[in-house]
>>> print(open('start13.cif').read())   # mmCIF, C-alpha atoms
data_start
#
loop_
_atom_site.label_atom_id
_atom_site.label_comp_id
_atom_site.auth_asym_id
_atom_site.auth_seq_id
_atom_site.Cartn_x
_atom_site.Cartn_y
_atom_site.Cartn_z
CA MET A 1 34.23 7.88 -38.78
CA ILE A 2 35.55 6.15 -35.71
CA VAL A 3 36.55 2.47 -35.87
CA TYR A 4 37.79 0.00 -33.28
CA ASP A 5 40.75 -2.24 -34.02
CA LYS A 6 41.41 -4.70 -31.19
CA ASP A 7 44.87 -5.58 -32.50
CA ARG A 8 46.20 -2.16 -33.49
CA ARG A 9 49.51 -1.32 -31.86
CA PRO A 10 51.74 1.55 -32.98
CA ASP A 11 54.78 -0.74 -33.43
CA GLU A 12 52.82 -2.83 -35.97
CA ALA A 13 51.43 0.06 -37.99
CA GLN A 14 54.42 0.34 -40.31
CA GLY A 15 54.25 -3.16 -41.79
CA ARG A 16 50.53 -3.34 -42.49
CA PRO A 17 48.97 -2.51 -45.83
CA PRO A 18 46.94 0.67 -45.62
CA CYS A 19 43.38 -0.62 -45.81
CA TRP A 20 40.38 -1.51 -43.66
CA HIS A 21 37.90 -4.31 -44.30
CA SER A 22 34.27 -4.32 -43.24
CA ASN A 23 30.81 -5.45 -44.17
CA HIS A 24 29.14 -2.49 -42.46
CA ARG A 25 26.86 -0.44 -44.72
CA LEU A 26 28.37 2.88 -43.54
CA PHE A 27 31.58 2.11 -45.43
CA ALA A 28 29.79 2.14 -48.79
CA ASP A 29 29.08 5.85 -48.30
CA LEU A 30 32.65 6.94 -47.56
CA LEU A 31 34.33 9.28 -50.02
CA PRO A 32 37.95 10.18 -50.75
CA GLY A 33 39.08 12.66 -48.12
CA ASP A 34 36.94 11.19 -45.34
CA ARG A 35 38.93 9.92 -42.37
CA LEU A 36 38.99 6.88 -40.13
CA TRP A 37 39.92 7.60 -36.53
CA VAL A 38 41.38 4.33 -35.24
CA ILE A 39 40.80 3.33 -31.61
CA THR A 40 42.23 0.36 -29.73
CA ALA A 41 41.94 -0.88 -26.16
CA GLY A 42 44.41 -0.28 -23.37
CA LYS A 43 44.74 -4.07 -23.16
CA SER A 44 46.29 -4.19 -26.67
CA LEU A 45 48.77 -1.56 -25.59
CA GLY A 46 49.65 -3.18 -22.27
CA ARG A 47 48.13 -0.31 -20.30
CA PRO A 48 46.71 -0.72 -16.80
CA ASP A 49 43.35 0.74 -17.89
CA GLN A 50 42.69 -2.22 -20.17
CA SER A 51 39.09 -1.36 -21.06
CA ALA A 52 39.83 2.27 -22.03
CA GLY A 53 39.86 3.48 -25.63
CA TYR A 54 43.06 4.91 -27.12
CA LEU A 55 43.47 6.85 -30.34
CA VAL A 56 46.29 5.22 -32.31
CA GLY A 57 45.85 6.77 -35.73
CA MET A 58 43.96 8.85 -38.23
CA TRP A 59 43.70 7.52 -41.77
CA PRO A 60 42.56 9.61 -44.74
CA ILE A 61 40.52 7.57 -47.20
CA VAL A 62 41.52 7.27 -50.86
CA GLY A 63 38.46 5.24 -51.83
CA VAL A 64 36.25 2.25 -51.12
CA ILE A 65 36.23 -0.78 -53.40
CA GLU A 66 34.52 -4.13 -53.38
CA ASN A 67 36.70 -6.62 -51.53
CA PRO A 68 38.37 -8.76 -54.21
CA GLY A 69 38.85 -11.59 -51.71
CA ASP A 70 42.63 -11.79 -52.14
CA ASP A 71 43.39 -11.69 -48.41
CA PRO A 72 42.46 -14.89 -46.53
CA LYS A 73 42.16 -12.93 -43.26
CA TYR A 74 39.33 -10.90 -44.82
CA PRO A 75 37.21 -13.16 -47.07
CA ALA A 76 34.95 -11.22 -49.44
CA PRO A 77 31.67 -12.82 -48.28
CA LYS A 78 32.32 -11.67 -44.71
CA TYR A 79 34.03 -8.33 -45.52
CA GLN A 80 32.29 -6.75 -48.50
CA HIS A 81 34.17 -3.42 -48.49
CA ARG A 82 37.87 -2.61 -48.65
CA VAL A 83 38.64 0.94 -47.59
CA LEU A 84 41.86 2.20 -49.15
CA ILE A 85 43.98 4.47 -46.98
CA SER A 86 46.44 7.13 -48.12
CA GLU A 87 49.86 5.91 -47.01
CA THR A 88 51.42 9.33 -47.38
CA GLU A 89 48.81 11.13 -45.30
CA ALA A 90 48.01 8.49 -42.65
CA ILE A 91 49.02 9.42 -39.13
CA HIS A 92 50.08 6.67 -36.72
CA LEU A 93 50.59 8.03 -33.23
CA ASP A 94 53.84 6.87 -31.61
CA GLU A 95 52.27 7.45 -28.21
CA PRO A 96 48.56 6.48 -28.20
CA VAL A 97 46.23 8.97 -26.54
CA CYS A 98 43.48 7.96 -24.13
CA VAL A 99 40.22 9.31 -25.57
CA ASP A 100 37.89 7.09 -23.59
CA HIS A 101 36.11 10.05 -21.99
CA LEU A 102 35.37 11.48 -25.45
CA ILE A 103 34.05 8.22 -26.86
CA ARG A 104 31.86 7.10 -23.98
CA GLY A 105 30.72 10.40 -22.58
CA GLU A 106 29.30 10.77 -19.10
CA GLY A 107 27.19 8.10 -17.52
CA TYR A 108 28.70 5.07 -19.25
CA ASP A 109 30.46 2.34 -17.29
CA ASN A 110 34.18 2.65 -18.04
CA GLN A 111 34.71 -0.95 -16.93
CA ILE A 112 32.94 -2.22 -20.06
CA PRO A 113 35.67 -2.90 -22.66
CA ILE A 114 35.84 -0.24 -25.35
CA GLY A 115 35.48 -2.94 -28.01
CA ARG A 116 32.09 -3.90 -26.66
CA PHE A 117 31.12 -0.24 -26.49
CA LEU A 118 32.28 0.42 -30.09
CA ARG A 119 30.76 -2.66 -31.73
CA GLY A 120 30.56 -0.99 -35.11
CA PRO A 121 31.83 2.12 -36.86
CA ARG A 122 30.31 5.44 -35.89
CA ARG A 123 30.00 8.68 -37.75
CA LEU A 124 31.59 11.61 -35.95
CA THR A 125 30.21 15.10 -35.55
CA ASP A 126 32.47 18.05 -36.36
CA GLU A 127 32.62 18.76 -32.64
CA LYS A 128 33.79 15.21 -31.87
CA VAL A 129 36.51 15.48 -34.56
CA ARG A 130 37.72 18.74 -32.98
CA GLN A 131 37.80 17.03 -29.58
CA LEU A 132 39.80 14.06 -30.92
CA ARG A 133 42.22 16.38 -32.72
CA ALA A 134 42.70 18.43 -29.54
CA ALA A 135 43.20 15.29 -27.43
CA ALA A 136 45.85 14.00 -29.83
CA GLY A 137 47.55 17.35 -29.35
CA ALA A 138 51.03 18.25 -30.40
CA GLU A 139 52.07 14.87 -31.81
CA MET A 140 49.23 14.77 -34.32
CA ALA A 141 49.79 18.42 -35.24
CA ARG A 142 53.52 17.80 -35.76
CA LYS A 143 52.92 14.72 -37.88
CA TRP A 144 50.20 16.52 -39.84
CA LEU A 145 52.50 19.46 -40.59
CA THR A 146 55.74 17.56 -41.21
CA ALA A 147 54.40 14.53 -43.06
CA SER A 148 55.85 14.07 -46.51
CA LYS A 149 53.49 15.59 -49.01
CA PRO A 150 52.37 13.23 -51.77
CA LYS A 151 54.06 13.71 -55.10
CA LEU A 152 51.98 14.02 -58.23
CA GLY A 153 50.13 10.73 -58.62
CA ASP A 154 51.06 9.36 -55.17
CA SER A 155 47.74 10.21 -53.56
CA ASN A 156 46.16 7.38 -55.50
CA ALA A 157 49.03 4.94 -54.94
CA ALA A 158 46.98 2.64 -52.73
CA ALA A 159 44.11 2.65 -55.23
CA ASN A 160 46.48 1.80 -58.08
CA VAL A 161 47.97 -1.10 -56.10
CA GLU A 162 44.46 -2.43 -55.44
CA LYS A 163 43.51 -2.19 -59.11
CA LYS A 164 46.61 -4.21 -60.06
CA ARG A 165 45.87 -6.80 -57.35
CA SER A 166 42.29 -7.25 -58.46
CA LYS A 167 43.40 -7.91 -62.08
CA ALA A 168 45.93 -10.54 -61.06
CA PRO A 169 44.86 -14.18 -61.72
#
>>> encode(input="start13.cif", output="structure tokens")
Amino acid sequence: MIVYDKDRRPDEAQGRPPCWHSNHRLFADLLPGDRLWVITAGKSLGRPDQSAGYLVGMWPIVGVIENPGDDPKYPAPKYQHRVLISETEAIHLDEPVCVDHLIRGEGYDNQIPIGRFLRGPRRLTDEKVRQLRAAAGAEMARKWLTASKPKLGDSNAAANVEKKRSKAP
């Protein structure tokens, strides 16, 4: 699934908790192992092509839970789902890759901001995933191959943190 994050910048990726909030019905159907392909605008990255879409990360999903409402930036009534991301397998690209041509396709006005074009999440075909993976090229391949492998029990670390948070008073 492809998602648009207007504020996503590679230098901020390290400090954020690995999750995504949404009220969109598509998120209820996500399963562990599915992936979010995160896109941001050139404007957020300080690029001259401000309306273009850039791939900044690929996040494997650990699970989807009901938003417990513990984050004031994402109140539960407005953001029903919390998508938990695998910290150990998430890939944050150091150098974002312009994938605007893959997202929009031919015939779409590239002056329209990518955020307006990607108003909601979109399911990706296998072909589109292959195209995004190819566009990300060597950096994604290197990170995919050299990323630290999760130790026994680590793959559910984000889910365990969320369970503890939701039980807190």
>>> resolve_selection(input="start13.cif", expression="the PyMOL selection byres ((chain A and resi 41) around 9)", output="PyMOL selection string")
chain A and resi 4-8+39-40+42-47+49-55+113-115
>>> write_last_selection(input="start13.cif", atoms="C-alpha atoms", output="PDB file, in the frame of the given file")
ATOM      1  CA  TYR A   4      37.790   0.000 -33.280  1.00  0.00           C
ATOM      2  CA  ASP A   5      40.750  -2.240 -34.020  1.00  0.00           C
ATOM      3  CA  LYS A   6      41.410  -4.700 -31.190  1.00  0.00           C
ATOM      4  CA  ASP A   7      44.870  -5.580 -32.500  1.00  0.00           C
ATOM      5  CA  ARG A   8      46.200  -2.160 -33.490  1.00  0.00           C
ATOM      6  CA  ILE A  39      40.800   3.330 -31.610  1.00  0.00           C
ATOM      7  CA  THR A  40      42.230   0.360 -29.730  1.00  0.00           C
ATOM      8  CA  GLY A  42      44.410  -0.280 -23.370  1.00  0.00           C
ATOM      9  CA  LYS A  43      44.740  -4.070 -23.160  1.00  0.00           C
ATOM     10  CA  SER A  44      46.290  -4.190 -26.670  1.00  0.00           C
ATOM     11  CA  LEU A  45      48.770  -1.560 -25.590  1.00  0.00           C
ATOM     12  CA  GLY A  46      49.650  -3.180 -22.270  1.00  0.00           C
ATOM     13  CA  ARG A  47      48.130  -0.310 -20.300  1.00  0.00           C
ATOM     14  CA  ASP A  49      43.350   0.740 -17.890  1.00  0.00           C
ATOM     15  CA  GLN A  50      42.690  -2.220 -20.170  1.00  0.00           C
ATOM     16  CA  SER A  51      39.090  -1.360 -21.060  1.00  0.00           C
ATOM     17  CA  ALA A  52      39.830   2.270 -22.030  1.00  0.00           C
ATOM     18  CA  GLY A  53      39.860   3.480 -25.630  1.00  0.00           C
ATOM     19  CA  TYR A  54      43.060   4.910 -27.120  1.00  0.00           C
ATOM     20  CA  LEU A  55      43.470   6.850 -30.340  1.00  0.00           C
ATOM     21  CA  PRO A 113      35.670  -2.900 -22.660  1.00  0.00           C
ATOM     22  CA  ILE A 114      35.840  -0.240 -25.350  1.00  0.00           C
ATOM     23  CA  GLY A 115      35.480  -2.940 -28.010  1.00  0.00           C
TER      24      GLY A 115
END
>>> residues_around(input="start13.cif", residues="A:Leu31", least_positions_apart="4", cutoff="10 Å", atoms="only C-alpha atoms", output="list in words")
Phe27, Arg35, Pro60, Ile61, Val62, Gly63, Val64 and Val83 of chain A
>>> closest_residue(input="start13.cif", among="A:Trp37, A:Pro72, A:His21, A:Pro77", to="A:Arg130", atoms="only C-alpha atoms")
A:Trp37
>>> closest_residue(input="start13.cif", among="A:Gln111, A:Gly57, A:Ile85, A:Met1", to="A:Cys19", atoms="all atoms listed in the file")
A:Ile85
>>> resolve_selection(input="start13.cif", expression="the PyMOL selection byres ((chain A and resi 90-97) around 7)", output="short mmCIF file (atom, residue, chain, number, x, y, z; two decimals) with C-alpha atoms, in the frame of the given file")
data_model
loop_
_atom_site.label_atom_id
_atom_site.label_comp_id
_atom_site.auth_asym_id
_atom_site.auth_seq_id
_atom_site.Cartn_x
_atom_site.Cartn_y
_atom_site.Cartn_z
CA PRO A 10 51.74 1.55 -32.98
CA ALA A 13 51.43 0.06 -37.99
CA TYR A 54 43.06 4.91 -27.12
CA LEU A 55 43.47 6.85 -30.34
CA VAL A 56 46.29 5.22 -32.31
CA GLY A 57 45.85 6.77 -35.73
CA MET A 58 43.96 8.85 -38.23
CA TRP A 59 43.70 7.52 -41.77
CA PRO A 60 42.56 9.61 -44.74
CA SER A 86 46.44 7.13 -48.12
CA GLU A 87 49.86 5.91 -47.01
CA THR A 88 51.42 9.33 -47.38
CA GLU A 89 48.81 11.13 -45.30
CA CYS A 98 43.48 7.96 -24.13
CA VAL A 99 40.22 9.31 -25.57
CA ALA A 136 45.85 14.00 -29.83
CA MET A 140 49.23 14.77 -34.32
CA LYS A 143 52.92 14.72 -37.88
#
